[in-house]
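So this block is target-v5.tsv, TSV, C-alpha atoms and all ligand atoms:
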```
chain	number	residue	atom	x	y	z
J	1089	MET	CA	0.00	0.00	0.00
J	1090	ILE	CA	1.18	3.50	-0.79
J	1091	GLU	CA	1.78	5.84	2.16
J	1092	PRO	CA	-1.05	8.40	2.38
J	1093	GLU	CA	1.41	11.33	2.51
J	1094	ASP	CA	3.17	10.01	-0.57
J	1095	LEU	CA	-0.13	9.70	-2.42
J	1096	LEU	CA	-1.13	13.26	-1.52
J	1097	ASN	CA	2.24	14.59	-2.65
J	1098	PHE	CA	1.97	12.58	-5.86
J	1099	LEU	CA	-1.44	14.12	-6.57
J	1100	LYS	CA	-0.12	17.59	-5.83
J	1101	GLU	CA	2.93	17.15	-8.02
J	1102	ARG	CA	1.05	16.06	-11.15
J	1103	ARG	CA	1.01	18.67	-13.89
J	1104	SER	CA	-0.63	19.01	-17.27
J	1105	ILE	CA	2.13	18.58	-19.83
J	1106	ARG	CA	1.97	20.28	-23.21
J	1107	SER	CA	5.35	19.52	-24.73
J	1108	PHE	CA	6.59	16.04	-25.57
J	1109	GLN	CA	9.77	14.33	-26.69
J	1110	ASN	CA	9.70	12.58	-30.03
J	1111	LYS	CA	10.31	9.21	-28.40
J	1112	THR	CA	8.18	6.07	-28.58
J	1113	ILE	CA	6.46	4.95	-25.40
J	1114	SER	CA	7.09	1.28	-24.67
J	1115	ASP	CA	4.25	-1.24	-24.97
J	1116	LYS	CA	4.71	-2.13	-21.30
J	1117	GLU	CA	4.08	1.44	-20.24
J	1118	ILE	CA	1.15	1.83	-22.63
J	1119	ASN	CA	-0.36	-1.32	-21.17
J	1120	MET	CA	0.01	-0.05	-17.64
J	1121	ILE	CA	-1.84	3.14	-18.58
J	1122	LEU	CA	-4.57	1.08	-20.25
J	1123	GLU	CA	-4.84	-1.19	-17.22
J	1124	ALA	CA	-5.25	1.87	-15.00
J	1125	GLY	CA	-8.25	2.72	-17.21
J	1126	GLN	CA	-9.51	-0.84	-17.08
J	1127	TRP	CA	-9.50	-0.82	-13.25
J	1128	THR	CA	-11.51	2.37	-12.90
J	1129	PRO	CA	-14.71	2.10	-10.87
J	1130	SER	CA	-17.92	2.54	-12.85
J	1131	ALA	CA	-21.60	2.68	-11.97
J	1132	SER	CA	-22.91	-0.88	-11.52
J	1133	ASN	CA	-19.48	-1.94	-12.78
J	1134	ARG	CA	-20.73	-1.60	-16.35
J	1135	GLN	CA	-17.33	-0.40	-17.67
J	1136	PRO	CA	-18.93	1.43	-20.60
J	1137	TRP	CA	-15.71	2.48	-22.28
J	1138	GLN	CA	-13.34	1.84	-25.08
J	1139	PHE	CA	-9.81	3.21	-25.29
J	1140	LEU	CA	-8.52	3.98	-28.77
J	1141	ILE	CA	-4.75	3.85	-29.21
J	1142	ILE	CA	-3.53	6.28	-31.83
J	1143	LYS	CA	0.08	6.35	-33.01
J	1144	ASN	CA	-0.57	7.27	-36.64
J	1145	LYS	CA	1.15	10.64	-37.28
J	1146	LYS	CA	-1.37	11.77	-39.88
J	1147	ILE	CA	-4.31	11.09	-37.56
J	1148	ILE	CA	-2.54	12.90	-34.71
J	1149	GLU	CA	-1.93	15.84	-37.03
J	1150	ASP	CA	-5.60	15.88	-38.11
J	1151	LEU	CA	-6.72	15.83	-34.47
J	1152	SER	CA	-4.34	18.66	-33.55
J	1153	LYS	CA	-6.00	20.86	-36.18
J	1154	ILE	CA	-9.40	20.56	-34.51
J	1155	ALA	CA	-8.20	20.99	-30.91
J	1156	ARG	CA	-8.46	24.73	-30.38
J	1157	TYR	CA	-6.25	24.88	-27.28
J	1158	GLY	CA	-4.55	21.60	-27.94
J	1159	LYS	CA	-2.49	22.18	-31.07
J	1160	PHE	CA	0.49	20.92	-29.07
J	1161	ILE	CA	-0.82	17.35	-29.28
J	1162	ILE	CA	0.93	17.17	-32.63
J	1163	GLU	CA	4.14	16.51	-30.66
J	1164	ALA	CA	2.74	13.50	-28.84
J	1165	PRO	CA	3.90	10.06	-30.02
J	1166	LEU	CA	0.67	8.57	-28.67
J	1167	ILE	CA	-2.90	9.63	-28.14
J	1168	ILE	CA	-5.47	7.64	-26.21
J	1169	ALA	CA	-9.04	8.59	-27.04
J	1170	ILE	CA	-11.57	7.71	-24.35
J	1171	VAL	CA	-14.92	6.68	-25.72
J	1172	GLY	CA	-18.11	6.20	-23.71
J	1173	LYS	CA	-20.41	3.45	-24.95
J	1174	VAL	CA	-23.56	5.39	-24.15
J	1175	ASN	CA	-26.01	2.48	-24.32
J	1176	GLN	CA	-23.90	0.41	-21.90
J	1177	ASN	CA	-24.49	2.89	-19.05
J	1178	PRO	CA	-26.81	5.63	-20.30
J	1179	ASN	CA	-27.01	7.57	-17.01
J	1180	TRP	CA	-23.37	7.36	-15.97
J	1181	TYR	CA	-21.09	7.06	-18.99
J	1182	ILE	CA	-19.77	10.61	-18.51
J	1183	GLN	CA	-18.80	10.01	-14.89
J	1184	ASP	CA	-17.40	6.55	-15.67
J	1185	THR	CA	-15.20	7.73	-18.53
J	1186	SER	CA	-14.11	10.86	-16.65
J	1187	LEU	CA	-12.85	8.71	-13.79
J	1188	ALA	CA	-11.06	6.47	-16.29
J	1189	SER	CA	-9.30	9.51	-17.75
J	1190	MET	CA	-8.03	10.53	-14.31
J	1191	ASN	CA	-6.81	7.01	-13.51
J	1192	MET	CA	-4.90	6.96	-16.79
J	1193	MET	CA	-3.42	10.42	-16.27
J	1194	LEU	CA	-2.16	9.44	-12.84
J	1195	MET	CA	-0.67	6.18	-14.11
J	1196	ALA	CA	1.09	8.13	-16.85
J	1197	TRP	CA	2.49	10.57	-14.31
J	1198	ALA	CA	3.83	7.69	-12.21
J	1199	LEU	CA	5.67	6.52	-15.34
J	1200	ASN	CA	7.14	10.00	-15.98
J	1201	ILE	CA	4.90	10.28	-19.01
J	1202	GLY	CA	3.18	13.61	-19.46
J	1203	THR	CA	-0.38	14.16	-20.56
J	1204	CYS	CA	-3.09	16.80	-20.61
J	1205	TRP	CA	-6.87	16.54	-20.68
J	1206	ILE	CA	-8.05	18.01	-23.98
J	1207	GLY	CA	-11.47	19.60	-23.76
J	1208	SER	CA	-11.30	22.16	-26.55
J	1209	LEU	CA	-12.00	19.71	-29.32
J	1210	ASP	CA	-14.51	19.57	-32.14
J	1211	ARG	CA	-15.85	16.25	-30.94
J	1212	GLU	CA	-18.04	15.54	-33.95
J	1213	LYS	CA	-15.11	16.01	-36.33
J	1214	ALA	CA	-12.84	13.99	-34.04
J	1215	LYS	CA	-15.39	11.17	-34.01
J	1216	GLU	CA	-15.38	11.18	-37.82
J	1217	ILE	CA	-11.58	11.09	-37.94
J	1218	LEU	CA	-11.48	8.20	-35.46
J	1219	GLY	CA	-14.43	6.27	-36.91
J	1220	ILE	CA	-16.42	6.50	-33.68
J	1221	LYS	CA	-20.12	5.73	-34.11
J	1222	LYS	CA	-22.36	8.83	-33.93
J	1223	ASP	CA	-24.25	7.62	-30.85
J	1224	ASN	CA	-21.09	6.97	-28.83
J	1225	PHE	CA	-19.49	9.67	-26.72
J	1226	LEU	CA	-15.96	10.95	-27.14
J	1227	LEU	CA	-14.88	12.18	-23.70
J	1228	THR	CA	-11.39	13.38	-24.53
J	1229	ILE	CA	-8.20	12.59	-26.29
J	1230	LEU	CA	-5.17	12.29	-24.04
J	1231	PRO	CA	-1.83	13.10	-25.69
J	1232	LEU	CA	0.96	11.10	-24.06
J	1233	GLY	CA	4.70	11.48	-24.25
J	1234	TYR	CA	7.88	11.81	-22.29
J	1235	ILE	CA	8.15	15.34	-20.96
J	1236	LYS	CA	10.18	17.78	-23.04
J	1237	GLY	CA	11.92	20.51	-21.07
J	1238	SER	CA	11.28	21.21	-17.43
J	1239	ILE	CA	8.16	20.34	-15.51
J	1240	PRO	CA	5.84	23.38	-15.40
J	1241	ASN	CA	5.36	25.23	-12.14
J	1242	SER	CA	2.41	24.31	-10.03
J	1243	THR	CA	-0.90	25.86	-11.05
J	1244	ASN	CA	-2.64	27.58	-8.17
J	1245	ARG	CA	-5.52	26.10	-6.22
J	1246	LYS	CA	-8.27	27.82	-4.28
J	1247	GLU	CA	-7.76	27.75	-0.53
J	1248	LEU	CA	-9.41	24.81	1.20
J	1249	LYS	CA	-11.34	27.23	3.40
J	1250	ASP	CA	-12.92	28.72	0.27
J	1251	ILE	CA	-14.11	25.41	-1.15
J	1252	ILE	CA	-15.33	23.58	1.92
J	1253	LYS	CA	-18.36	24.11	4.08
J	1254	GLU	CA	-19.28	22.15	7.14
J	1255	ILE	CA	-22.90	21.17	7.27
J	1256	GLU	CA	-24.04	21.00	10.89
J	1301	LIG	C1	-12.29	19.15	-18.49
J	1301	LIG	C2	-10.92	19.70	-18.79
J	1301	LIG	C3	-10.67	20.27	-20.02
J	1301	LIG	C4	-9.38	20.75	-20.32
J	1301	LIG	N1	-9.11	21.20	-21.59
J	1301	LIG	C5	-7.86	21.60	-21.90
J	1301	LIG	C6	-7.53	22.00	-23.23
J	1301	LIG	O1	-8.34	21.96	-24.14
J	1301	LIG	N2	-6.27	22.41	-23.49
J	1301	LIG	C7	-5.31	22.46	-22.51
J	1301	LIG	O2	-4.18	22.85	-22.81
J	1301	LIG	N3	-5.58	22.07	-21.23
J	1301	LIG	C8	-6.82	21.64	-20.91
J	1301	LIG	N4	-7.10	21.19	-19.63
J	1301	LIG	C9	-6.03	21.19	-18.60
J	1301	LIG	C10	-6.26	22.29	-17.56
J	1301	LIG	O3	-5.97	23.54	-18.13
J	1301	LIG	C11	-5.36	22.01	-16.33
J	1301	LIG	O4	-5.72	20.78	-15.76
J	1301	LIG	C12	-5.50	23.10	-15.27
J	1301	LIG	O5	-5.03	24.33	-15.76
J	1301	LIG	C13	-4.73	22.77	-13.98
J	1301	LIG	O6	-3.37	22.52	-14.27
J	1301	LIG	P1	-2.66	21.15	-13.86
J	1301	LIG	O7	-3.39	20.04	-14.58
J	1301	LIG	O8	-1.24	21.29	-14.31
J	1301	LIG	O9	-2.79	21.02	-12.37
J	1301	LIG	C14	-8.36	20.71	-19.33
J	1301	LIG	C15	-8.63	20.11	-18.09
J	1301	LIG	C16	-9.88	19.60	-17.82
J	1301	LIG	C17	-10.12	18.90	-16.50
```
Translate the structure of the given file into structure tokens.
Ligand SMILES: Cc1cc2nc3c(=O)[nH]c(=O)nc-3n(C[C@H](O)[C@H](O)[C@H](O)COP(=O)(O)O)c2cc1C
Amino acid sequence: MIEPEDLLNFLKERRSIRSFQNKTISDKEINMILEAGQWTPSASNRQPWQFLIIKNKKIIEDLSKIARYGKFIIEAPLIIAIVGKVNQNPNWYIQDTSLASMNMMLMAWALNIGTCWIGSLDREKAKEILGIKKDNFLLTILPLGYIKGSIPNSTNRKELKDIIKEIE
């Protein structure tokens, strides 16, 4: 078991990474990231997800063009797209896939692999590029790569006192 203090520090030290080395990620590391997704909790344990593994440079380039604040993904040697199979958990696929994305981001960080949640994406176009069925949900595409340059400074967080409220 991981020490609680170590886990908290690990969570605090994670950063979104937007610059990647042009270096292939090993299959072992990719598998560990995928397994972290596989072991995510989901409502009624339905696991309504599919993880698309994208290494094709042309596809990565096409995706970068439709990611408004994610042009940098063009540098990533790997993208994992997280797809929600809507009909497998119609009320919870967004929560289930969101948790999977976090599990995968944390696993990547533990492997010294950087990533960043991409929200600014034309999802309909991305679904076309990736051949995702219209009625399935594309949560995000996670660019993954070894970190280029130094690790960015910590982003700020609201004070705990400003985000908690005790209900008596
Ligand atoms: C739902 C969501 C959407 C995001 N979309 C983008 C994005 O399109 N482009 C980007 O560069 N970062 C994006 N981010 C990353 C956030 O900017 C980042 O997590 C936040 O600034 C805190 O920084 P940190 O992750 O380094 O702690 C997104 C994060 C989340 C959770």
Given the choices J:Lys1253, J:Lys1236, J:Lys1143, J:Arg1134, which gets closest to J:Asp1115 if the distance is worked out from only C-alpha atoms?
-> J:Lys1143
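For stretch 1211-1227 of chain J, the list of residues within 7 Å, based on only C-alpha atoms and with local chain neighbours fewer than 4 positions off taken out, reads Leu1151, Ile1170, Val1171, Gly1172, Lys1173, Val1174 and Thr1185 of chain J.
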Near J:Ile1105, counting all atoms listed in the file, which residues have an atom at most 12 Å away, once you skip same-chain residues fewer than 4 positions from it, shown as an MDAnalysis selection string?
-> chainID J and resid 1101 1109 1158 1160:1161 1163:1164 1193 1196:1197 1200:1206 1230:1243
Considering all atoms listed in the file, state which residue in the set J:Ala1188, J:Ala1155, J:Met1089, J:Ile1162 is at the smallest distance from ligand LIG 1301 (chain J).
-> J:Ala1155
Of the listed residues J:Ala1169, J:Asn1119, J:Glu1247, J:Tyr1157, that which approaches J:Ile1142 most closely, counting only C-alpha atoms |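 Among the listed residues, the smallest separation from J:Ile1142 belongs to J:Ala1169.
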